[in-house]
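K.L.:
One structure coming up, written as structure tokens, with questions to follow.
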Amino acid sequence: MIFRATLTACLGLVISSLAAEIAVLVPHEKDQGQIWWVDGFPTHREGARWLRKIQTGYYSFALNTETLEVLEFGKPGESAELELKVIVDGKEYFGDGGAKWTRTTGPRLIESGHFFQRMDVTDLKFSTKAGEVLNAKARFEVIAWPDRLGLLLSAEPLDPRTKVEKSIRLKTSKGILQGEGFLALNPAEGVKVPGGSPLLVKAPNCAVEYEPAQGWHRVNLDRVKSIGKGNDVIERIQFQISNPTGREEVARLMFEKAGGFRGRLGSAITGVSAMLCDADGQPTGIPVQLSKNWHRKPERTTYDGQWFHGITQLRIPAGKTVALELVIANAHWGGVAAASHAQLSLIGWGGNSLWEQSALGCWGESICYDPDQALANTTITDVRPLMVSGKGSGKKWAWTNNMGGGDFFRLYDLEGGRVAHSEMKTTYHKYGPCLTEVSYQGKVGDAMRHGMTMSLGRTDDVVRGTYRVRLDVEKALDFSRFVIFQVGSDTYNFTKERKMAFGNQGGLVKEWDTRWGGNAYRGKPMKLEGSNPWISLHDAVKPETEIKGAISNRGIVLRKWKARIGGKDASAWIAEYGQTRHRKDSSTIDFVPPPGVTRFEPGDFIEATFEHIMMPQFTKDYYGPNEALRAALGKYENSWRMIHRESAGNARKIQVLEGQLERRFPDVKIGAVNGGAKFTLRGGLGYVPVTLTGLKSHKAVQLQVDGHLLDQSVHGNDFWQCNYDPVKKFWSQTFNLPLSQKIQTIKFSSQK
């Protein structure tokens, strides 16, 4: 007993030591950034400037990509004068501006996420003061960390024999900053920063190089050997960071894969989850930004092709050496399809705007988002079902057919013109692998502000995108048409269904045959009533261009609704919209204002939670492991009953015994009391995300279901997710539970 007590005490000291070590590494509240078009994507708004802004917790930077004017530098409202100069064989050429946006040139977004934003402008124009034009390939790049800004000028004359010098000069309110083709700055202080780093980064079997232009240590992972088989392949990369100085230093790390993707099945790069773990392999909750690309055309360009960047930032105490581990999963996390959300670069494909891609597993995309609506004029673009026979090949573990799109808050003025979304900012809360959470916030015209938070949970049955949305009206506004949420979209609808139906948790209210085409509503709006209303789009028709592979039906479950429209409390209403686009007919299902309401009043709002479901059409299509789904398809395939099953079966009845319930969707989120919680839960399909929040450290908690300790690990510590909140300064942990329709008792407790 004495030995056991002593061992327990020693383990407790080790855990406490690790927790304290991780606590000093975590990001501060200001350690994040955003990038957006100030006036919205300019091709969608008349008179909009090509003005792209970066905002971090420390500084602002705004660049007009056509004129190369710096309209903000440092504090909001402060500007700077930018001069780009190229000297070729002694002759001076000055930057006149950037190329206009096309699918391949002009302003491009390279990568974006929690810590790091990178953009460039291609095909710069240079000329002498006498008007002589420089014949060169020139590009201006902006590299932004929360507290550091890099400016990079690249210029390659067509004659390689010429001697080239490059200069960047920035005149600010605090003085002149100048560099030879590159500037590393602290915009908050208005000063240059050293190009080097005193930190030492070591990772076995990985090439590590500090790159002053990017301000990061590049850690190449192409030679890392994977462990596991089939879909359970993961990679573990142990590394150390040493700070020999007498002050805290910021470590900026970029873990790179330029090749060497180790997934045995599927396409590994389509689903990448990266976790930063402590020396014992426990997730720390420190974010790893996910940015990637797989696009390439014959005419090659900078940053095209296949690459993955896992980017993070750590605060290393003076005189300390820190040992950590990066874990990368593709298909599975703890034996179940992992959920991931990443920024996907479009360089090499075209458009070069912000494109977001979420995935279950690594067998292709699950749901894609275009927050600026730059390419498809809609927010939800490609949507693909899970674990059904692949497009083209009909094989397993392959890309599936596209059943996209969808959109939110589509406003049409009195003349029928679309009012574009603008100022769209992205905030990354959770990248995965158990639950993703990413928010897009902006404006609709000048009268409305809106936000959408997208989530996808680790599971083994179907794609369920959960969207929590909010619209606030600031000015009175008349409209000819307003769509709160729609599946598909006015401008992006890759499938069509012969039937639609709606009902609630109790069953069917109405089913009807759809009437495609005409760009008009088909019938009067229908009111949703009862608990957990649902809409089914079923009996889908296979697109003519797709010969092989399954398609899916689509569905919506409304989990939360509260609204004031036209100055009055409003229920949810839906209507079928017959659509004709590019001479092709289909139908969408729209959430619309109540009948007769064509005006918003100040103070109006809409708050809702939608589940967007991709349902396998036939039993034979689904090859996944979820037997409950397979059995249900055997009874109800290609019918509204599958979406009714989602409404009723995934309704979560919760009684909290210890702790505080914060929400039911997308996860059952419970606030901890003394590091634990206890509650009963009835209902749930697939794997239900369950989160315990308000934790004082990253160390793992124990989770019991009906008295049995949960352990889904395949390789050890590989089935939960940890996230740190720098605002509230606490951690959360998320698990995914395969639940049933009976009451189950779930208990969280601290490890002994």
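Within each chain, counting starts at residue 1; across the structure tokens, chains are named A, B, ... in the order shown, with ligands numbered 1 upward in that order.
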Out of region 204-334 of chain A, which residues get strand (DSSP E or B) from DSSP, as number ranges by chain?

P.N.:
A: 208-211, 216-220, 227, 234-242, 249-257, 273-277, 283, 289-295, 305-316, 321-329, 332-333

K.L.:
Please provide as a list of chain:residue names all residues within 7 Å of region 300-315 of chain A, with the sequence filter that same-chain residues fewer than 6 positions apart are discarded (counting only C-alpha atoms).

P.N.:
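My reading of the contact set: A:Val24, A:Leu25, A:Val26, A:Pro27, A:Phe115, A:Glu248, A:Glu249, A:Val250, A:Ala251, A:Arg252, A:Leu253, A:Met254, A:Phe255, A:Glu256, A:Lys257, A:Ala258, A:Gly259, A:Ala274, A:Pro287, A:Val288, A:Gln289, A:Leu290, A:Ser291, A:Lys292, A:Asn293, A:Trp294, A:Ile347, A:Gly348.
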
K.L.:
Set the distance at 10 Å and use only C-alpha atoms: which residues neighbour Gly507 (chain A) once local chain neighbours fewer than 2 positions away are removed? I'd like the list as a ChimeraX atom specification.

P.N.:
/A:502-505,509-510,530,533-534,640-641,644-645,647-648

K.L.:
May I ask which of the residues A:Ala188, A:Leu51, A:Met500, A:Val201 is the closest one to Pro76 (chain A), counting only C-alpha atoms?

P.N.:
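Using only C-alpha atoms, Pro76 (chain A) sits closest to A:Ala188.
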
K.L.:
Record the distance separating CA of Ala323 (chain A) and CA of Pro212 (chain A), expressed in Å with one decimal.

P.N.:
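A separation of 23.4 Å between them.
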
K.L.:
Could you work out how far CA of Pro689 (chain A) lies from CA of Pro666 (chain A), giving the answer in Å with one decimal?

P.N.:
7.2 Å

K.L.:
Within 10 Å of Pro385 (chain A), counting only C-alpha atoms, which residues show up once you throw out same-chain ones fewer than 5 positions away? Write them as a ChimeraX atom specification, please.

P.N.:
/A:360,364-367,390,399-403,461-464,550-554,613-617,622

K.L.:
List the neighbours of Ala672 (chain A) out to 6 Å using only C-alpha atoms; skip same-chain residues closer than 3 positions along the sequence, and give me the result as a PyMOL selection string.

P.N.:
chain A and resi 659+675-677+693-694

K.L.:
Between A:Arg384, A:Lys425, A:Lys395, A:Arg103, which residue has the minimum interatomic distance to Pro371 (chain A), considering only C-alpha atoms?

P.N.:
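Closest candidate: A:Lys425.
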
K.L.:
Show me, as number ranges by chain, the residues that have an atom within 8 Å of Lys699 (chain A) when counting only C-alpha atoms, minus same-chain residues fewer than 5 positions from it.

P.N.:
A: 15, 19, 282-284

K.L.:
So that I have them on file, write out the residues from the current selection with all heavy atoms, as a PDB file, in the first residue's frame.

P.N.:
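Ended up saving to again-v1.pdb:
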```
ATOM      1  N   ILE A  15       2.598  14.185 -14.154  1.00  0.00           N
ATOM      2  CA  ILE A  15       1.492  14.783 -14.891  1.00  0.00           C
ATOM      3  C   ILE A  15       1.420  16.277 -14.638  1.00  0.00           C
ATOM      4  O   ILE A  15       1.248  17.090 -15.551  1.00  0.00           O
ATOM      5  CB  ILE A  15       0.168  14.090 -14.519  1.00  0.00           C
ATOM      6  CG1 ILE A  15       0.168  12.651 -15.052  1.00  0.00           C
ATOM      7  CG2 ILE A  15      -1.019  14.848 -15.085  1.00  0.00           C
ATOM      8  CD1 ILE A  15      -1.011  11.829 -14.599  1.00  0.00           C
ATOM      9  N   ALA A  19       1.827  19.250 -17.355  1.00  0.00           N
ATOM     10  CA  ALA A  19       0.762  20.247 -17.507  1.00  0.00           C
ATOM     11  C   ALA A  19       1.309  21.656 -17.362  1.00  0.00           C
ATOM     12  O   ALA A  19       0.958  22.564 -18.124  1.00  0.00           O
ATOM     13  CB  ALA A  19      -0.341  19.985 -16.484  1.00  0.00           C
ATOM     14  N   GLN A 282       0.109  12.913 -25.326  1.00  0.00           N
ATOM     15  CA  GLN A 282      -1.240  13.418 -25.066  1.00  0.00           C
ATOM     16  C   GLN A 282      -1.441  14.746 -25.788  1.00  0.00           C
ATOM     17  O   GLN A 282      -0.590  15.640 -25.695  1.00  0.00           O
ATOM     18  CB  GLN A 282      -1.479  13.601 -23.568  1.00  0.00           C
ATOM     19  CG  GLN A 282      -1.511  12.306 -22.796  1.00  0.00           C
ATOM     20  CD  GLN A 282      -2.182  12.457 -21.440  1.00  0.00           C
ATOM     21  OE1 GLN A 282      -2.822  13.457 -21.160  1.00  0.00           O
ATOM     22  NE2 GLN A 282      -2.048  11.445 -20.599  1.00  0.00           N
ATOM     23  N   PRO A 283      -2.549  14.916 -26.512  1.00  0.00           N
ATOM     24  CA  PRO A 283      -2.809  16.181 -27.218  1.00  0.00           C
ATOM     25  C   PRO A 283      -2.772  17.373 -26.277  1.00  0.00           C
ATOM     26  O   PRO A 283      -3.332  17.328 -25.172  1.00  0.00           O
ATOM     27  CB  PRO A 283      -4.203  15.972 -27.807  1.00  0.00           C
ATOM     28  CG  PRO A 283      -4.335  14.487 -27.945  1.00  0.00           C
ATOM     29  CD  PRO A 283      -3.599  13.906 -26.773  1.00  0.00           C
ATOM     30  N   THR A 284      -2.107  18.441 -26.716  1.00  0.00           N
ATOM     31  CA  THR A 284      -1.912  19.621 -25.865  1.00  0.00           C
ATOM     32  C   THR A 284      -3.001  20.669 -26.009  1.00  0.00           C
ATOM     33  O   THR A 284      -3.133  21.541 -25.158  1.00  0.00           O
ATOM     34  CB  THR A 284      -0.577  20.304 -26.191  1.00  0.00           C
ATOM     35  OG1 THR A 284      -0.629  20.783 -27.551  1.00  0.00           O
ATOM     36  CG2 THR A 284       0.593  19.344 -26.025  1.00  0.00           C
TER      37      THR A 284
END
```

K.L.:
Would you compute the distance between CA of Tyr521 (chain A) and CA of Glu576 (chain A)? Give it in Å to one decimal.

P.N.:
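Calculated distance between CA of Tyr521 (chain A) and CA of Glu576 (chain A) is 5.8 Å.
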
K.L.:
Nearest residue to Ile286 (chain A) out of A:His28, A:His708, A:Lys696, A:His715, using only C-alpha atoms?

P.N.:
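Nearest candidate to Ile286 (chain A) out of A:His28, A:His708, A:Lys696, A:His715: A:His28.
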
K.L.:
So, counting only C-alpha atoms, which residue among A:Thr588, A:Thr245, A:Ser639, A:Thr105 is closest to Ala520 (chain A)?

P.N.:
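Counting only C-alpha atoms, the residue closest to Ala520 (chain A) is A:Thr588.
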
K.L.:
From the list A:Val592, A:Leu710, A:Ala23, A:Ile328, which residue is nearest Phe485 (chain A) when using only C-alpha atoms?

P.N.:
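Under the stated criterion, the closest residue is A:Val592.
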
K.L.:
Would you give me, as JSON, numbers by chain, the residues in region 474-702 of chain A that DSSP reads as alpha helix (DSSP H)?

P.N.:
{"A": [627, 628, 629, 630, 631, 632, 633, 634, 635, 636, 641, 642, 643, 644, 645, 646, 647, 648, 649]}

K.L.:
Give me a file of those residues, with all heavy atoms, as a short mmCIF file (atom, residue, chain, number, x, y, z; two decimals), in the first residue's frame.

P.N.:
```cif
data_model
loop_
_atom_site.label_atom_id
_atom_site.label_comp_id
_atom_site.auth_asym_id
_atom_site.auth_seq_id
_atom_site.Cartn_x
_atom_site.Cartn_y
_atom_site.Cartn_z
N GLU A 627 -23.68 -0.87 -38.81
CA GLU A 627 -24.73 -1.85 -39.09
C GLU A 627 -26.12 -1.28 -38.88
O GLU A 627 -27.08 -1.70 -39.53
CB GLU A 627 -24.52 -3.10 -38.23
CG GLU A 627 -23.26 -3.89 -38.59
CD GLU A 627 -23.26 -4.37 -40.03
OE1 GLU A 627 -24.36 -4.59 -40.60
OE2 GLU A 627 -22.17 -4.51 -40.61
N ALA A 628 -26.26 -0.33 -37.95
CA ALA A 628 -27.57 0.28 -37.73
C ALA A 628 -28.03 1.04 -38.97
O ALA A 628 -29.20 0.98 -39.35
CB ALA A 628 -27.52 1.19 -36.51
N LEU A 629 -27.10 1.78 -39.60
CA LEU A 629 -27.44 2.48 -40.83
C LEU A 629 -27.79 1.48 -41.93
O LEU A 629 -28.77 1.67 -42.67
CB LEU A 629 -26.28 3.37 -41.27
CG LEU A 629 -26.44 4.05 -42.64
CD1 LEU A 629 -27.63 5.00 -42.63
CD2 LEU A 629 -25.16 4.77 -43.05
N ARG A 630 -27.00 0.42 -42.05
CA ARG A 630 -27.26 -0.57 -43.09
C ARG A 630 -28.64 -1.21 -42.90
O ARG A 630 -29.39 -1.41 -43.87
CB ARG A 630 -26.17 -1.63 -43.07
CG ARG A 630 -26.31 -2.67 -44.18
CD ARG A 630 -25.12 -3.60 -44.25
NE ARG A 630 -23.95 -2.91 -44.80
CZ ARG A 630 -22.91 -2.49 -44.08
NH1 ARG A 630 -22.89 -2.72 -42.78
NH2 ARG A 630 -21.91 -1.87 -44.64
N ALA A 631 -28.99 -1.51 -41.66
CA ALA A 631 -30.29 -2.11 -41.40
C ALA A 631 -31.42 -1.15 -41.73
O ALA A 631 -32.45 -1.53 -42.31
CB ALA A 631 -30.38 -2.55 -39.94
N ALA A 632 -31.24 0.14 -41.39
CA ALA A 632 -32.27 1.13 -41.69
C ALA A 632 -32.44 1.30 -43.19
O ALA A 632 -33.57 1.41 -43.70
CB ALA A 632 -31.92 2.46 -41.03
N LEU A 633 -31.33 1.32 -43.92
CA LEU A 633 -31.42 1.41 -45.38
C LEU A 633 -32.15 0.20 -45.96
O LEU A 633 -32.89 0.32 -46.94
CB LEU A 633 -30.02 1.53 -45.99
CG LEU A 633 -29.32 2.89 -45.84
CD1 LEU A 633 -27.85 2.78 -46.21
CD2 LEU A 633 -30.00 3.95 -46.69
N GLY A 634 -31.93 -0.95 -45.33
CA GLY A 634 -32.62 -2.15 -45.80
C GLY A 634 -34.13 -2.02 -45.72
O GLY A 634 -34.86 -2.61 -46.53
N LYS A 635 -34.61 -1.24 -44.77
CA LYS A 635 -36.05 -1.04 -44.62
C LYS A 635 -36.57 0.19 -45.38
O LYS A 635 -37.66 0.17 -45.95
CB LYS A 635 -36.40 -0.87 -43.14
CG LYS A 635 -36.17 -2.10 -42.27
CD LYS A 635 -36.55 -1.79 -40.83
CE LYS A 635 -36.32 -2.98 -39.92
NZ LYS A 635 -36.67 -2.66 -38.50
N TYR A 636 -35.77 1.25 -45.39
CA TYR A 636 -36.30 2.55 -45.80
C TYR A 636 -35.50 3.22 -46.92
O TYR A 636 -35.61 4.44 -47.12
CB TYR A 636 -36.33 3.51 -44.61
CG TYR A 636 -37.02 2.96 -43.39
CD1 TYR A 636 -36.40 3.02 -42.14
CD2 TYR A 636 -38.30 2.41 -43.46
CE1 TYR A 636 -37.04 2.54 -41.00
CE2 TYR A 636 -38.95 1.93 -42.32
CZ TYR A 636 -38.30 2.00 -41.10
OH TYR A 636 -38.93 1.52 -39.98
N ARG A 641 -38.08 8.40 -44.97
CA ARG A 641 -37.96 7.80 -43.65
C ARG A 641 -36.52 7.83 -43.12
O ARG A 641 -36.31 7.81 -41.90
CB ARG A 641 -38.49 6.37 -43.67
CG ARG A 641 -40.00 6.29 -43.95
CD ARG A 641 -40.50 4.86 -43.93
NE ARG A 641 -41.92 4.78 -44.27
CZ ARG A 641 -42.92 4.96 -43.41
NH1 ARG A 641 -42.65 5.22 -42.15
NH2 ARG A 641 -44.16 4.88 -43.82
N MET A 642 -35.54 7.88 -44.01
CA MET A 642 -34.15 7.94 -43.54
C MET A 642 -33.83 9.28 -42.88
O MET A 642 -33.05 9.35 -41.93
CB MET A 642 -33.20 7.67 -44.71
CG MET A 642 -33.26 6.25 -45.25
SD MET A 642 -32.95 4.98 -43.99
CE MET A 642 -31.28 5.36 -43.48
N ILE A 643 -34.42 10.36 -43.37
CA ILE A 643 -34.19 11.66 -42.75
C ILE A 643 -35.06 11.79 -41.49
O ILE A 643 -34.63 12.39 -40.50
CB ILE A 643 -34.46 12.80 -43.74
CG1 ILE A 643 -33.57 12.62 -44.99
CG2 ILE A 643 -34.18 14.16 -43.10
CD1 ILE A 643 -32.08 12.56 -44.70
N HIS A 644 -36.25 11.23 -41.51
CA HIS A 644 -37.05 11.18 -40.28
C HIS A 644 -36.29 10.41 -39.19
O HIS A 644 -36.31 10.79 -38.01
CB HIS A 644 -38.41 10.51 -40.54
CG HIS A 644 -39.17 10.24 -39.29
ND1 HIS A 644 -39.51 8.97 -38.89
CD2 HIS A 644 -39.64 11.08 -38.33
CE1 HIS A 644 -40.17 9.03 -37.74
NE2 HIS A 644 -40.25 10.30 -37.38
N ARG A 645 -35.61 9.34 -39.57
CA ARG A 645 -34.79 8.60 -38.61
C ARG A 645 -33.71 9.50 -38.01
O ARG A 645 -33.42 9.41 -36.81
CB ARG A 645 -34.14 7.40 -39.32
CG ARG A 645 -33.12 6.62 -38.49
CD ARG A 645 -32.53 5.47 -39.30
NE ARG A 645 -31.54 4.74 -38.54
CZ ARG A 645 -30.23 4.97 -38.58
NH1 ARG A 645 -29.76 5.93 -39.37
NH2 ARG A 645 -29.39 4.25 -37.85
N GLU A 646 -33.11 10.36 -38.83
CA GLU A 646 -32.12 11.31 -38.30
C GLU A 646 -32.75 12.26 -37.29
O GLU A 646 -32.17 12.54 -36.24
CB GLU A 646 -31.51 12.11 -39.46
CG GLU A 646 -30.60 11.32 -40.36
CD GLU A 646 -29.24 11.06 -39.73
OE1 GLU A 646 -28.74 11.93 -38.99
OE2 GLU A 646 -28.68 9.98 -39.98
N SER A 647 -33.93 12.78 -37.62
CA SER A 647 -34.62 13.71 -36.72
C SER A 647 -34.89 13.08 -35.37
O SER A 647 -34.58 13.65 -34.32
CB SER A 647 -35.93 14.16 -37.37
OG SER A 647 -36.78 14.79 -36.42
N ALA A 648 -35.46 11.89 -35.37
CA ALA A 648 -35.85 11.24 -34.12
C ALA A 648 -34.67 10.56 -33.45
O ALA A 648 -34.48 10.69 -32.23
CB ALA A 648 -36.95 10.22 -34.41
N GLY A 649 -33.87 9.83 -34.22
CA GLY A 649 -32.80 9.04 -33.62
C GLY A 649 -31.65 9.86 -33.10
O GLY A 649 -30.94 9.43 -32.18
#
```
